[in-house]
file target.csv (CSV, C-alpha atoms)
chain,number,residue,atom,x,y,z
K,868,MET,CA,76.2,168.6,85.5
K,869,ARG,CA,73.6,166.8,87.7
K,870,THR,CA,72.6,168.4,91.0
K,871,ARG,CA,72.7,165.9,93.8
K,872,PRO,CA,69.8,166.2,96.2
K,873,ASN,CA,70.1,166.7,99.9
K,874,ILE,CA,70.5,163.3,101.6
K,875,ASP,CA,68.5,164.2,104.6
K,876,GLN,CA,65.6,165.3,102.4
K,877,LEU,CA,66.0,162.1,100.4
K,878,ILE,CA,65.7,160.0,103.6
K,879,LEU,CA,62.5,161.8,104.5
K,880,ASP,CA,61.1,161.1,101.0
K,881,ILE,CA,62.0,157.4,101.3
K,882,HIS,CA,59.9,157.1,104.6
K,883,ALA,CA,57.0,159.0,103.0
K,884,ALA,CA,56.8,156.7,100.0
K,885,PRO,CA,55.0,153.7,101.7
K,886,LEU,CA,51.9,155.8,102.4
K,887,ASP,CA,52.1,157.8,99.2
K,888,PRO,CA,53.1,155.3,96.4
K,889,ALA,CA,53.4,158.1,93.9
K,890,ARG,CA,56.5,159.3,95.8
K,891,TRP,CA,58.4,156.2,94.9
K,892,LYS,CA,59.1,157.8,91.5
K,893,GLN,CA,60.5,160.9,93.2
K,894,VAL,CA,62.7,158.7,95.4
K,895,VAL,CA,64.0,156.7,92.3
K,896,ASP,CA,64.7,159.9,90.4
K,897,ALA,CA,66.6,161.4,93.3
K,898,MET,CA,68.6,158.2,93.9
K,899,ARG,CA,69.6,158.1,90.3
K,900,CYS,CA,71.0,161.6,90.4
K,901,THR,CA,72.7,161.0,93.8
K,902,LEU,CA,74.6,158.0,92.4
K,903,ASN,CA,75.3,159.6,89.0
K,904,ALA,CA,73.6,156.8,87.2
K,905,ASP,CA,72.0,156.9,83.8
K,906,ARG,CA,69.1,154.7,84.8
K,907,ALA,CA,67.5,153.4,88.0
K,908,PHE,CA,65.0,150.7,88.7
K,909,ILE,CA,63.4,149.5,91.9
K,910,PHE,CA,61.4,146.3,91.3
K,911,SER,CA,60.0,143.0,92.4
K,912,VAL,CA,59.6,140.4,89.6
K,913,PRO,CA,56.5,138.2,90.1
K,914,THR,CA,56.8,134.5,90.5
K,915,TYR,CA,54.0,134.0,88.0
K,916,ARG,CA,53.1,136.0,84.9
K,917,GLU,CA,49.6,136.8,86.1
K,918,GLU,CA,50.9,138.4,89.2
K,919,ASP,CA,51.4,142.1,89.5
K,920,PHE,CA,54.9,143.3,88.4
K,921,TRP,CA,55.7,146.1,90.8
K,922,HIS,CA,58.4,148.4,89.5
K,923,VAL,CA,59.3,152.1,89.4
K,924,GLY,CA,62.0,153.3,86.9
K,925,SER,CA,63.9,156.5,86.3
K,926,GLU,CA,64.9,157.1,82.6
K,927,MET,CA,63.7,153.6,82.0
K,928,ASP,CA,61.6,152.9,78.9
K,929,PRO,CA,58.4,151.1,80.2
K,930,THR,CA,58.6,148.6,77.5
K,931,THR,CA,62.2,147.7,78.6
K,932,SER,CA,60.9,147.0,82.1
K,933,ILE,CA,58.1,144.7,80.9
K,934,GLU,CA,60.5,142.9,78.5
K,935,TYR,CA,62.8,142.3,81.4
K,936,ALA,CA,60.1,140.8,83.6
K,937,GLN,CA,58.5,138.7,80.9
K,938,GLU,CA,61.6,137.3,79.2
K,939,PHE,CA,65.0,138.2,80.6
K,940,ALA,CA,64.6,138.2,84.4
K,941,PRO,CA,65.4,134.4,84.5
K,942,GLU,CA,68.6,135.2,82.6
K,943,ASP,CA,69.7,138.2,84.7
K,944,VAL,CA,73.3,137.0,85.4
K,945,TRP,CA,73.8,139.7,88.1
K,946,MET,CA,70.7,139.0,90.1
K,947,LEU,CA,70.9,135.2,89.7
K,948,GLU,CA,74.3,135.4,91.2
K,949,VAL,CA,73.0,137.5,94.1
K,950,LYS,CA,70.4,134.8,94.8
K,951,ARG,CA,72.9,132.0,94.4
K,952,ARG,CA,75.0,133.5,97.1
K,953,LYS,CA,72.0,133.7,99.4
K,954,ALA,CA,72.8,137.3,100.0
K,955,GLU,CA,71.1,139.0,102.9
K,956,THR,CA,68.8,142.0,102.7
K,957,GLY,CA,70.8,145.2,102.5
K,958,MET,CA,73.8,143.8,100.6
K,959,ILE,CA,75.3,146.2,98.1
K,960,SER,CA,77.2,144.8,95.1
K,961,THR,CA,78.5,145.9,91.7
K,962,GLY,CA,78.4,143.8,88.5
K,963,GLU,CA,82.1,143.4,88.5
K,964,GLU,CA,82.0,141.8,92.0
K,965,LEU,CA,79.3,139.4,91.0
K,966,ILE,CA,80.5,137.9,87.8
K,967,PRO,CA,83.7,138.1,85.7
K,968,ARG,CA,83.6,140.8,83.1
K,969,ALA,CA,84.3,138.4,80.2
K,970,VAL,CA,81.6,136.1,81.3
K,971,PHE,CA,79.1,138.9,81.6
K,972,LEU,CA,80.0,140.3,78.1
K,973,SER,CA,79.5,136.9,76.5
K,974,SER,CA,76.1,136.3,78.1
K,975,ARG,CA,72.8,136.4,76.2
K,976,PHE,CA,71.5,138.7,78.9
K,977,PHE,CA,74.0,141.3,77.9
K,978,ASN,CA,74.1,140.8,74.1
K,979,GLU,CA,70.4,140.4,73.4
K,980,PHE,CA,68.9,142.7,76.1
K,981,LEU,CA,71.2,145.1,77.9
K,982,ALA,CA,73.3,146.2,74.9
K,983,ARG,CA,70.1,147.0,73.0
K,984,HIS,CA,69.1,149.4,75.7
K,985,ASP,CA,72.6,150.9,76.4
K,986,ILE,CA,73.1,149.3,79.8
K,987,ASP,CA,76.5,148.0,80.8
K,988,ARG,CA,77.5,148.9,84.4
K,989,PHE,CA,75.5,147.8,87.5
K,990,LEU,CA,75.2,148.8,91.2
K,991,ASN,CA,72.5,147.1,93.3
K,992,VAL,CA,71.1,146.9,96.8
K,993,LEU,CA,69.1,143.8,97.8
K,994,LEU,CA,65.7,144.6,99.3
K,995,ARG,CA,62.9,142.4,100.7
K,996,ASP,CA,60.4,140.5,98.5
K,997,PRO,CA,56.7,140.9,99.2
K,998,PRO,CA,55.4,138.4,101.8
K,999,GLY,CA,55.0,134.9,100.5
K,1000,ARG,CA,56.7,135.5,97.2
K,1001,GLY,CA,59.8,133.5,96.2
K,1002,ALA,CA,60.5,135.3,92.9
K,1003,PRO,CA,63.3,134.1,90.6
K,1004,VAL,CA,64.9,137.5,91.0
K,1005,PRO,CA,65.1,139.1,94.5
K,1006,ALA,CA,63.5,142.5,95.1
K,1007,SER,CA,66.1,145.1,94.4
K,1008,PHE,CA,67.0,148.7,93.8
K,1009,SER,CA,69.4,148.7,90.8
K,1010,PHE,CA,71.4,151.5,89.1
K,1011,TYR,CA,72.9,151.4,85.6
K,1012,ARG,CA,75.4,153.2,83.4
K,1013,GLY,CA,75.6,153.0,79.6
K,1014,LEU,CA,78.0,151.3,77.3
K,1015,GLY,CA,81.6,152.7,77.6
K,1016,HIS,CA,80.9,154.3,81.0
K,1017,SER,CA,83.0,153.7,84.1
K,1018,ALA,CA,82.0,151.2,86.8
K,1019,PHE,CA,80.4,152.4,90.0
K,1020,GLY,CA,83.0,153.2,92.7
K,1021,ASP,CA,83.5,153.5,96.4
K,1022,GLN,CA,81.8,156.9,96.6
K,1023,GLU,CA,78.6,155.7,95.1
K,1024,ARG,CA,78.7,152.6,97.4
K,1025,ALA,CA,79.1,154.8,100.4
K,1026,LEU,CA,76.1,157.0,99.5
K,1027,LEU,CA,73.9,154.0,98.8
K,1028,ALA,CA,75.0,152.4,102.1
K,1029,ARG,CA,73.9,155.5,104.0
K,1030,VAL,CA,70.3,155.3,102.8
K,1031,THR,CA,70.0,151.5,102.5
K,1032,PRO,CA,68.6,150.9,106.1
K,1033,HIS,CA,65.9,153.5,105.3
K,1034,LEU,CA,65.1,151.8,101.9
K,1035,VAL,CA,64.8,148.4,103.5
K,1036,LEU,CA,62.4,149.7,106.2
K,1037,ALA,CA,60.3,151.7,103.8
K,1038,LEU,CA,59.9,148.9,101.3
K,1039,ASP,CA,59.0,146.5,104.0
K,1040,THR,CA,56.3,148.9,105.3
K,1041,PHE,CA,55.1,149.4,101.7
K,1042,TRP,CA,54.6,145.6,101.2
K,1043,ARG,CA,52.7,145.3,104.5
K,1044,THR,CA,50.5,148.3,103.8
K,1045,ARG,CA,49.8,147.2,100.3
K,1046,ASP,CA,49.1,143.6,101.3
K,1047,LEU,CA,46.6,144.7,104.0
K,1048,SER,CA,44.9,147.1,101.5
K,1049,LEU,CA,44.6,144.3,98.9
K,1050,GLN,CA,43.2,141.9,101.4
K,1051,ASN,CA,40.6,144.3,102.6
K,1052,ALA,CA,39.6,145.2,99.1
K,1053,LEU,CA,39.2,141.5,98.2
K,1054,LEU,CA,37.3,140.7,101.4
K,1055,SER,CA,35.0,143.7,100.8
K,1056,ARG,CA,34.2,142.6,97.2
K,1057,THR,CA,33.6,139.0,98.4
K,1058,LEU,CA,31.2,140.0,101.2
K,1059,ASP,CA,29.4,142.6,99.1
K,1060,ALA,CA,28.5,139.8,96.7
K,1061,VAL,CA,26.6,138.1,99.5
K,1062,THR,CA,22.9,138.9,99.3
K,1063,ALA,CA,22.3,138.5,103.0
K,1064,PRO,CA,23.1,141.3,105.5
K,1065,LEU,CA,26.5,140.5,106.9
K,1066,PHE,CA,28.5,142.3,109.6
K,1067,LEU,CA,31.9,142.0,111.1
K,1068,ILE,CA,32.0,143.1,114.7
K,1069,ASP,CA,34.8,143.5,117.4
K,1070,ARG,CA,34.8,142.2,120.9
K,1071,LEU,CA,32.6,145.1,122.1
K,1072,GLY,CA,30.0,144.5,119.4
K,1073,ARG,CA,31.1,147.6,117.4
K,1074,ILE,CA,30.6,147.3,113.6
K,1075,VAL,CA,33.9,147.0,111.8
K,1076,PHE,CA,32.4,146.2,108.4
K,1077,ALA,CA,29.0,145.9,106.9
K,1078,ASN,CA,28.3,144.7,103.3
K,1079,ARG,CA,25.9,146.5,101.0
K,1080,ALA,CA,22.9,144.4,102.2
K,1081,ALA,CA,23.9,145.1,105.8
K,1082,GLU,CA,24.0,148.8,105.2
K,1083,THR,CA,20.5,148.6,103.8
K,1084,GLU,CA,19.4,146.7,106.8
K,1085,LEU,CA,20.8,149.4,109.1
K,1086,ARG,CA,19.0,152.1,107.1
K,1087,THR,CA,15.6,150.4,107.5
K,1088,GLY,CA,16.3,149.5,111.2
K,1089,GLU,CA,13.6,146.9,111.1
K,1090,ARG,CA,15.7,144.0,112.5
K,1091,LEU,CA,19.1,145.4,113.5
K,1092,ARG,CA,20.3,148.9,114.3
K,1093,SER,CA,23.6,150.7,114.9
K,1094,ILE,CA,23.6,152.5,118.3
K,1095,ASN,CA,26.9,154.4,118.9
K,1096,GLY,CA,28.6,152.2,116.4
K,1097,ARG,CA,27.4,149.0,118.1
K,1098,LEU,CA,25.2,146.4,116.4
K,1099,THR,CA,21.9,146.3,118.4
K,1100,PRO,CA,18.6,144.5,117.9
K,1101,SER,CA,15.6,146.5,116.7
K,1102,PRO,CA,12.7,147.0,119.1
K,1103,ASP,CA,10.6,145.3,116.4
K,1104,LEU,CA,12.3,141.9,117.1
K,1105,ARG,CA,10.0,139.8,119.3
K,1106,ASP,CA,10.3,136.5,121.1
K,1107,PRO,CA,14.0,135.7,120.5
K,1108,GLY,CA,13.7,133.0,123.2
K,1109,GLY,CA,17.5,132.6,123.4
K,1110,THR,CA,17.6,131.0,120.0
K,1111,ALA,CA,18.6,132.2,116.5
K,1112,ALA,CA,15.1,132.1,115.1
K,1113,LEU,CA,13.6,135.6,115.4
K,1114,THR,CA,10.1,137.1,114.7
K,1115,VAL,CA,10.0,140.5,113.1
K,1116,GLY,CA,7.3,143.1,113.9
K,1117,THR,CA,3.5,142.6,113.7
K,1118,SER,CA,3.8,140.6,110.5
K,1119,ALA,CA,5.4,137.8,112.5
K,1120,ARG,CA,7.9,137.1,109.7
K,1121,ARG,CA,10.7,134.7,110.7
K,1122,VAL,CA,14.4,135.3,110.1
K,1123,ILE,CA,17.5,133.5,111.1
K,1124,LEU,CA,20.2,135.4,113.0
K,1125,SER,CA,23.5,133.6,112.7
K,1126,THR,CA,26.8,134.3,114.4
K,1127,ALA,CA,30.2,132.7,114.2
K,1128,PRO,CA,33.7,133.6,115.5
K,1129,LEU,CA,36.3,134.3,112.8
K,1130,SER,CA,38.7,131.5,112.0
K,1131,GLU,CA,42.1,131.5,113.6
K,1132,THR,CA,43.5,131.8,110.1
K,1133,THR,CA,42.0,135.3,109.6
K,1134,ASN,CA,44.6,138.1,109.4
K,1135,PRO,CA,44.3,140.0,112.7
K,1136,GLY,CA,45.2,143.2,111.0
K,1137,SER,CA,42.3,143.2,108.6
K,1138,TRP,CA,39.7,145.9,109.3
K,1139,GLY,CA,41.3,146.6,112.7
K,1140,GLY,CA,40.8,143.1,114.2
K,1141,PRO,CA,37.2,141.9,113.9
K,1142,LEU,CA,36.3,138.9,116.0
K,1143,GLY,CA,33.0,137.7,114.7
K,1144,LEU,CA,30.5,137.4,111.9
K,1145,VAL,CA,26.8,138.2,112.2
K,1146,TRP,CA,24.3,137.7,109.3
K,1147,LEU,CA,20.6,137.5,108.7
K,1148,THR,CA,18.7,135.2,106.4
K,1149,PRO,CA,15.0,134.5,105.8
K,1150,ALA,CA,13.9,131.4,107.7
K,1151,HIS,CA,12.8,129.5,104.6
K,1152,LEU,CA,16.3,129.4,103.2
K,1153,THR,CA,17.5,126.9,105.8
K,1154,SER,CA,16.1,123.8,104.1
K,1155,SER,CA,19.7,122.5,104.3
K,1156,PRO,CA,23.0,124.1,105.3
K,1157,THR,CA,24.6,123.3,101.9
K,1158,SER,CA,21.7,124.9,100.1
K,1159,LEU,CA,22.1,128.0,102.2
K,1160,ILE,CA,25.8,128.2,101.3
K,1161,THR,CA,24.9,127.7,97.6
K,1162,ASP,CA,22.3,130.5,97.8
K,1163,LEU,CA,24.6,132.9,99.7
K,1164,PHE,CA,27.7,132.5,97.6
K,1165,GLY,CA,26.3,131.7,94.2
K,1166,LEU,CA,27.8,128.3,93.8
K,1167,THR,CA,27.2,126.5,90.5
K,1168,ALA,CA,25.1,123.3,90.3
K,1169,ALA,CA,28.2,121.2,90.0
K,1170,GLU,CA,29.8,122.9,93.1
K,1171,ASP,CA,26.5,122.4,95.0
K,1172,ARG,CA,26.5,118.7,94.2
K,1173,LEU,CA,30.2,118.4,95.3
K,1174,LEU,CA,29.5,120.3,98.6
K,1175,LYS,CA,26.5,118.2,99.4
K,1176,SER,CA,28.5,115.0,98.9
K,1177,LEU,CA,31.5,116.2,100.9
K,1178,ALA,CA,29.2,117.4,103.7
K,1179,GLY,CA,27.7,113.9,103.9
K,1180,GLY,CA,31.1,112.7,105.0
K,1181,THR,CA,32.6,111.2,101.9
K,1182,SER,CA,36.2,111.9,100.8
K,1183,LEU,CA,37.0,114.0,97.8
K,1184,SER,CA,38.1,110.9,95.8
K,1185,GLU,CA,34.9,109.0,96.8
K,1186,THR,CA,32.9,112.1,95.8
K,1187,ALA,CA,34.6,112.3,92.4
K,1188,THR,CA,33.8,108.6,91.8
K,1189,THR,CA,30.1,109.1,92.9
K,1190,LEU,CA,29.7,112.2,90.7
K,1191,ARG,CA,31.5,110.6,87.8
K,1192,VAL,CA,34.1,113.4,87.5
K,1193,SER,CA,37.9,113.2,87.6
K,1194,ILE,CA,39.7,113.9,90.8
K,1195,HIS,CA,41.3,116.9,89.1
K,1196,THR,CA,37.8,118.3,88.3
K,1197,ALA,CA,36.7,117.7,91.9
K,1198,ARG,CA,39.7,119.5,93.3
K,1199,THR,CA,39.1,122.4,90.9
K,1200,GLN,CA,35.5,122.7,92.0
K,1201,LEU,CA,36.5,122.6,95.7
K,1202,LYS,CA,39.0,125.4,95.1
K,1203,SER,CA,36.3,127.4,93.5
K,1204,ILE,CA,34.0,126.8,96.5
K,1205,GLN,CA,36.8,128.0,98.8
K,1206,GLN,CA,37.4,131.1,96.8
K,1207,LYS,CA,33.8,132.0,96.6
K,1208,THR,CA,33.1,131.5,100.3
K,1209,GLY,CA,36.4,132.9,101.6
K,1210,TRP,CA,37.1,129.8,103.7
K,1211,HIS,CA,40.5,128.4,102.8
K,1212,THR,CA,40.4,124.9,104.1
K,1213,GLN,CA,37.9,122.0,104.1
K,1214,SER,CA,37.7,122.1,107.9
K,1215,GLU,CA,36.5,125.7,107.8
K,1216,LEU,CA,33.8,124.8,105.3
K,1217,SER,CA,32.8,121.8,107.4
K,1218,ARG,CA,32.6,123.9,110.5
K,1219,THR,CA,30.4,126.4,108.6
K,1220,VAL,CA,28.0,123.6,107.5
K,1221,GLN,CA,27.8,122.4,111.1
K,1222,GLN,CA,27.0,125.9,112.4
K,1223,LEU,CA,24.3,126.5,109.7
K,1224,GLY,CA,22.8,123.1,110.5
K,1225,ALA,CA,22.5,124.0,114.2
K,1226,ILE,CA,20.4,127.1,113.4
K,1227,ASP,CA,17.3,125.1,112.3
K,1228,PRO,CA,16.6,122.1,114.6
K,1229,GLY,CA,14.6,120.6,111.7
K,1230,THR,CA,17.7,120.4,109.5
K,1231,PRO,CA,19.5,117.0,109.5
K,1232,ARG,CA,23.0,117.4,111.1
K,1233,MET,CA,25.9,117.0,108.8
K,1234,ARG,CA,28.8,114.7,109.6
K,1235,PRO,CA,31.6,116.7,111.1
K,1236,SER,CA,34.3,116.5,108.4
K,1237,PHE,CA,34.8,116.1,104.7
K,1238,GLU,CA,38.6,115.9,104.7
K,1239,ASP,CA,40.3,113.7,102.0
K,1240,ASN,CA,43.3,112.5,104.1
K,1241,GLY,CA,45.4,115.4,102.9
K,1242,ASN,CA,44.9,114.8,99.2
K,1243,ALA,CA,42.5,117.7,98.5
K,1244,SER,CA,43.5,121.3,98.1
K,1245,ARG,CA,43.9,123.1,101.4
call {"tool": "encode", "arguments": {"input": "target.csv", "output": "structure tokens"}}
result
Amino acid sequence: MRTRPNIDQLILDIHAAPLDPARWKQVVDAMRCTLNADRAFIFSVPTYREEDFWHVGSEMDPTTSIEYAQEFAPEDVWMLEVKRRKAETGMISTGEELIPRAVFLSSRFFNEFLARHDIDRFLNVLLRDPPGRGAPVPASFSFYRGLGHSAFGDQERALLARVTPHLVLALDTFWRTRDLSLQNALLSRTLDAVTAPLFLIDRLGRIVFANRAAETELRTGERLRSINGRLTPSPDLRDPGGTAALTVGTSARRVILSTAPLSETTNPGSWGGPLGLVWLTPAHLTSSPTSLITDLFGLTAAEDRLLKSLAGGTSLSETATTLRVSIHTARTQLKSIQQKTGWHTQSELSRTVQQLGAIDPGTPRMRPSFEDNGNASR
């Protein structure tokens, strides 16, 4: 006889799970026992195979879960009916409510998948998908009973309904927390790959993030320092003259100090809301803005040629013709440039070229746009 856990404790565990993902397993196990189910499965099927398949099961063979996501999710007659009805978050349903029993038993989903894994009866609550994902099967918490077992009844529905608002809130919090964590990790890796010292600062000049090169810069303190958490010029900097060209120490080496506000497309939650970028480069690197971008972000020779042409004001299709590549190849190279630099649109890249061109008065100014009338990747 299964011992049903305390519902109040279960609710506390549900709200603890978003900040401690390992506790989702504890929640799924407890919910399975509470609803007298043989198996339980909370999941979000990815839209594309290369995306992460987030799922937590109780008494579920891991190979069964993967097989479901890779082959049978598009044939899940239960969940496809939930989606067809445009059900709202929090809706609870049983298999018998969604599809006639005879139709279910004759489906390939039952005969070639569920029956092999001793799954017959179904109870489900609809949850929220991760932001921006329109998966073929909605995010759900599903409970199953084996072949020959009775259907889920009113008592199980009532118990599930009691915790459903907590499940919806907890999973929404989990998606948001995970999304922010992934964004921060991706941005950190991208900026750490930049060889120039690069800082993110807030409106008070406090350092929100420093890449590896920037951390080295702060340790030496030759050009920039951190004073009470704020980014501050070193006393060794001489003759700034209100420009971005700086002279360092007695050796009179020249460096370029560049600043730029973050784009309006930047997630305001990332790193606690940074408002600007600050980075240093040796003065000799500013032979052209596009060359600087190529050096900073490790663009290939083909990507460098594409960027130079676009920065000159030609459209993507014109550039493809000039470089004797297909428009598909040009779009692929542009996407790669955007991924490497972290700027998502052509207008952001164009603005960066303009800003870098303004640093060195001897550098020819680039034309202000390299849009392709909406045909290029954005």
call {"tool": "atom_distance", "arguments": {"input": "target.csv", "atom1": "atom CA of K:Val1035", "atom2": "atom CA of K:Arg988"}}
result
22.9 Å
call {"tool": "residues_near_point", "arguments": {"input": "target.csv", "point": "(20.8, 145.7, 105.8)", "cutoff": "9 Å", "atoms": "all atoms listed in the file", "output": "short mmCIF file (atom, residue, chain, number, x, y, z; two decimals) with C-alpha atoms, keeping the file's coordinate frame"}}
result
data_model
loop_
_atom_site.label_atom_id
_atom_site.label_comp_id
_atom_site.auth_asym_id
_atom_site.auth_seq_id
_atom_site.Cartn_x
_atom_site.Cartn_y
_atom_site.Cartn_z
CA ALA K 1063 22.30 138.50 103.00
CA PRO K 1064 23.10 141.30 105.50
CA LEU K 1065 26.50 140.50 106.90
CA ALA K 1077 29.00 145.90 106.90
CA ASN K 1078 28.30 144.70 103.30
CA ARG K 1079 25.90 146.50 101.00
CA ALA K 1080 22.90 144.40 102.20
CA ALA K 1081 23.90 145.10 105.80
CA GLU K 1082 24.00 148.80 105.20
CA THR K 1083 20.50 148.60 103.80
CA GLU K 1084 19.40 146.70 106.80
CA LEU K 1085 20.80 149.40 109.10
CA ARG K 1086 19.00 152.10 107.10
CA THR K 1087 15.60 150.40 107.50
CA GLY K 1088 16.30 149.50 111.20
CA ARG K 1090 15.70 144.00 112.50
CA LEU K 1091 19.10 145.40 113.50
CA LEU K 1147 20.60 137.50 108.70
#
call {"tool": "closest_residue", "arguments": {"input": "target.csv", "among": "K:Ser974, K:Ser1176, K:Gln1206, K:Ser1158", "to": "K:Arg1056", "atoms": "only C-alpha atoms"}}
result
K:Gln1206
call {"tool": "closest_residue", "arguments": {"input": "target.csv", "among": "K:Gly924, K:His984, K:Leu1038, K:Leu1173", "to": "K:Thr1196", "atoms": "all atoms listed in the file"}}
result
K:Leu1173
call {"tool": "residues_around", "arguments": {"input": "target.csv", "residues": "K:Ala904", "least_positions_apart": "2", "cutoff": "6 Å", "atoms": "only C-alpha atoms", "output": "list in words"}}
result
Arg899, Leu902, Arg906, Tyr1011 and Arg1012 of chain K
call {"tool": "residues_around", "arguments": {"input": "target.csv", "residues": "stretch 929-935 of chain K", "least_positions_apart": "3", "cutoff": "12 Å", "atoms": "all atoms listed in the file", "output": "VMD selection string"}}
result
chain K and resid 906 to 913 916 919 to 926 938 to 943 976 to 977 979 to 986 1004
call {"tool": "write_last_selection", "arguments": {"input": "target.csv", "atoms": "C-alpha atoms", "output": "tab-separated table (two decimals), in the frame of the given file"}}
result
chain	number	residue	atom	x	y	z
K	906	ARG	CA	69.10	154.70	84.80
K	907	ALA	CA	67.50	153.40	88.00
K	908	PHE	CA	65.00	150.70	88.70
K	909	ILE	CA	63.40	149.50	91.90
K	910	PHE	CA	61.40	146.30	91.30
K	911	SER	CA	60.00	143.00	92.40
K	912	VAL	CA	59.60	140.40	89.60
K	913	PRO	CA	56.50	138.20	90.10
K	916	ARG	CA	53.10	136.00	84.90
K	919	ASP	CA	51.40	142.10	89.50
K	920	PHE	CA	54.90	143.30	88.40
K	921	TRP	CA	55.70	146.10	90.80
K	922	HIS	CA	58.40	148.40	89.50
K	923	VAL	CA	59.30	152.10	89.40
K	924	GLY	CA	62.00	153.30	86.90
K	925	SER	CA	63.90	156.50	86.30
K	926	GLU	CA	64.90	157.10	82.60
K	938	GLU	CA	61.60	137.30	79.20
K	939	PHE	CA	65.00	138.20	80.60
K	940	ALA	CA	64.60	138.20	84.40
K	941	PRO	CA	65.40	134.40	84.50
K	942	GLU	CA	68.60	135.20	82.60
K	943	ASP	CA	69.70	138.20	84.70
K	976	PHE	CA	71.50	138.70	78.90
K	977	PHE	CA	74.00	141.30	77.90
K	979	GLU	CA	70.40	140.40	73.40
K	980	PHE	CA	68.90	142.70	76.10
K	981	LEU	CA	71.20	145.10	77.90
K	982	ALA	CA	73.30	146.20	74.90
K	983	ARG	CA	70.10	147.00	73.00
K	984	HIS	CA	69.10	149.40	75.70
K	985	ASP	CA	72.60	150.90	76.40
K	986	ILE	CA	73.10	149.30	79.80
K	1004	VAL	CA	64.90	137.50	91.00
call {"tool": "residues_around", "arguments": {"input": "target.csv", "residues": "stretch 1170-1172 of chain K", "least_positions_apart": "4", "cutoff": "12 Å", "atoms": "only C-alpha atoms", "output": "JSON, numbers by chain"}}
result
{"K": [1155, 1156, 1157, 1158, 1159, 1160, 1161, 1162, 1163, 1164, 1165, 1166, 1176, 1177, 1178, 1179, 1186, 1187, 1189, 1190, 1191, 1192, 1196, 1197, 1198, 1199, 1200, 1201, 1202, 1203, 1204, 1205, 1206, 1207, 1208]}
call {"tool": "atom_distance", "arguments": {"input": "target.csv", "atom1": "atom CA of K:Val895", "atom2": "atom CA of K:Pro967"}}
result
27.9 Å
call {"tool": "residues_around", "arguments": {"input": "target.csv", "residues": "K:Ala883", "least_positions_apart": "3", "cutoff": "12 Å", "atoms": "all atoms listed in the file", "output": "PDB file with C-alpha atoms, in the frame of the given file"}}
result
ATOM      1  CA  GLN K 876      65.600 165.300 102.400  1.00  0.00           C
ATOM      2  CA  LEU K 877      66.000 162.100 100.400  1.00  0.00           C
ATOM      3  CA  ILE K 878      65.700 160.000 103.600  1.00  0.00           C
ATOM      4  CA  LEU K 879      62.500 161.800 104.500  1.00  0.00           C
ATOM      5  CA  ASP K 880      61.100 161.100 101.000  1.00  0.00           C
ATOM      6  CA  LEU K 886      51.900 155.800 102.400  1.00  0.00           C
ATOM      7  CA  ASP K 887      52.100 157.800  99.200  1.00  0.00           C
ATOM      8  CA  PRO K 888      53.100 155.300  96.400  1.00  0.00           C
ATOM      9  CA  ALA K 889      53.400 158.100  93.900  1.00  0.00           C
ATOM     10  CA  ARG K 890      56.500 159.300  95.800  1.00  0.00           C
ATOM     11  CA  TRP K 891      58.400 156.200  94.900  1.00  0.00           C
ATOM     12  CA  LYS K 892      59.100 157.800  91.500  1.00  0.00           C
ATOM     13  CA  GLN K 893      60.500 160.900  93.200  1.00  0.00           C
ATOM     14  CA  VAL K 894      62.700 158.700  95.400  1.00  0.00           C
ATOM     15  CA  HIS K1033      65.900 153.500 105.300  1.00  0.00           C
ATOM     16  CA  LEU K1034      65.100 151.800 101.900  1.00  0.00           C
ATOM     17  CA  LEU K1036      62.400 149.700 106.200  1.00  0.00           C
ATOM     18  CA  ALA K1037      60.300 151.700 103.800  1.00  0.00           C
ATOM     19  CA  LEU K1038      59.900 148.900 101.300  1.00  0.00           C
ATOM     20  CA  THR K1040      56.300 148.900 105.300  1.00  0.00           C
ATOM     21  CA  PHE K1041      55.100 149.400 101.700  1.00  0.00           C
TER      22      PHE K1041
END
call {"tool": "atom_distance", "arguments": {"input": "target.csv", "atom1": "atom CA of K:Asn991", "atom2": "atom CA of K:Ser1009"}}
result
4.3 Å
call {"tool": "closest_residue", "arguments": {"input": "target.csv", "among": "K:Leu1014, K:Ile1068, K:Leu965, K:Val1030", "to": "K:His882", "atoms": "all atoms listed in the file"}}
result
K:Val1030
call {"tool": "axis_aligned_box", "arguments": {"input": "target.csv", "around": "stretch 1198-1214 of chain K", "padding_each_side": "3 Å", "output": "JSON"}}
result
{"center_x": 36.8, "center_y": 126.2, "center_z": 99.4, "size_x": 13.4, "size_y": 19.4, "size_z": 23.0}
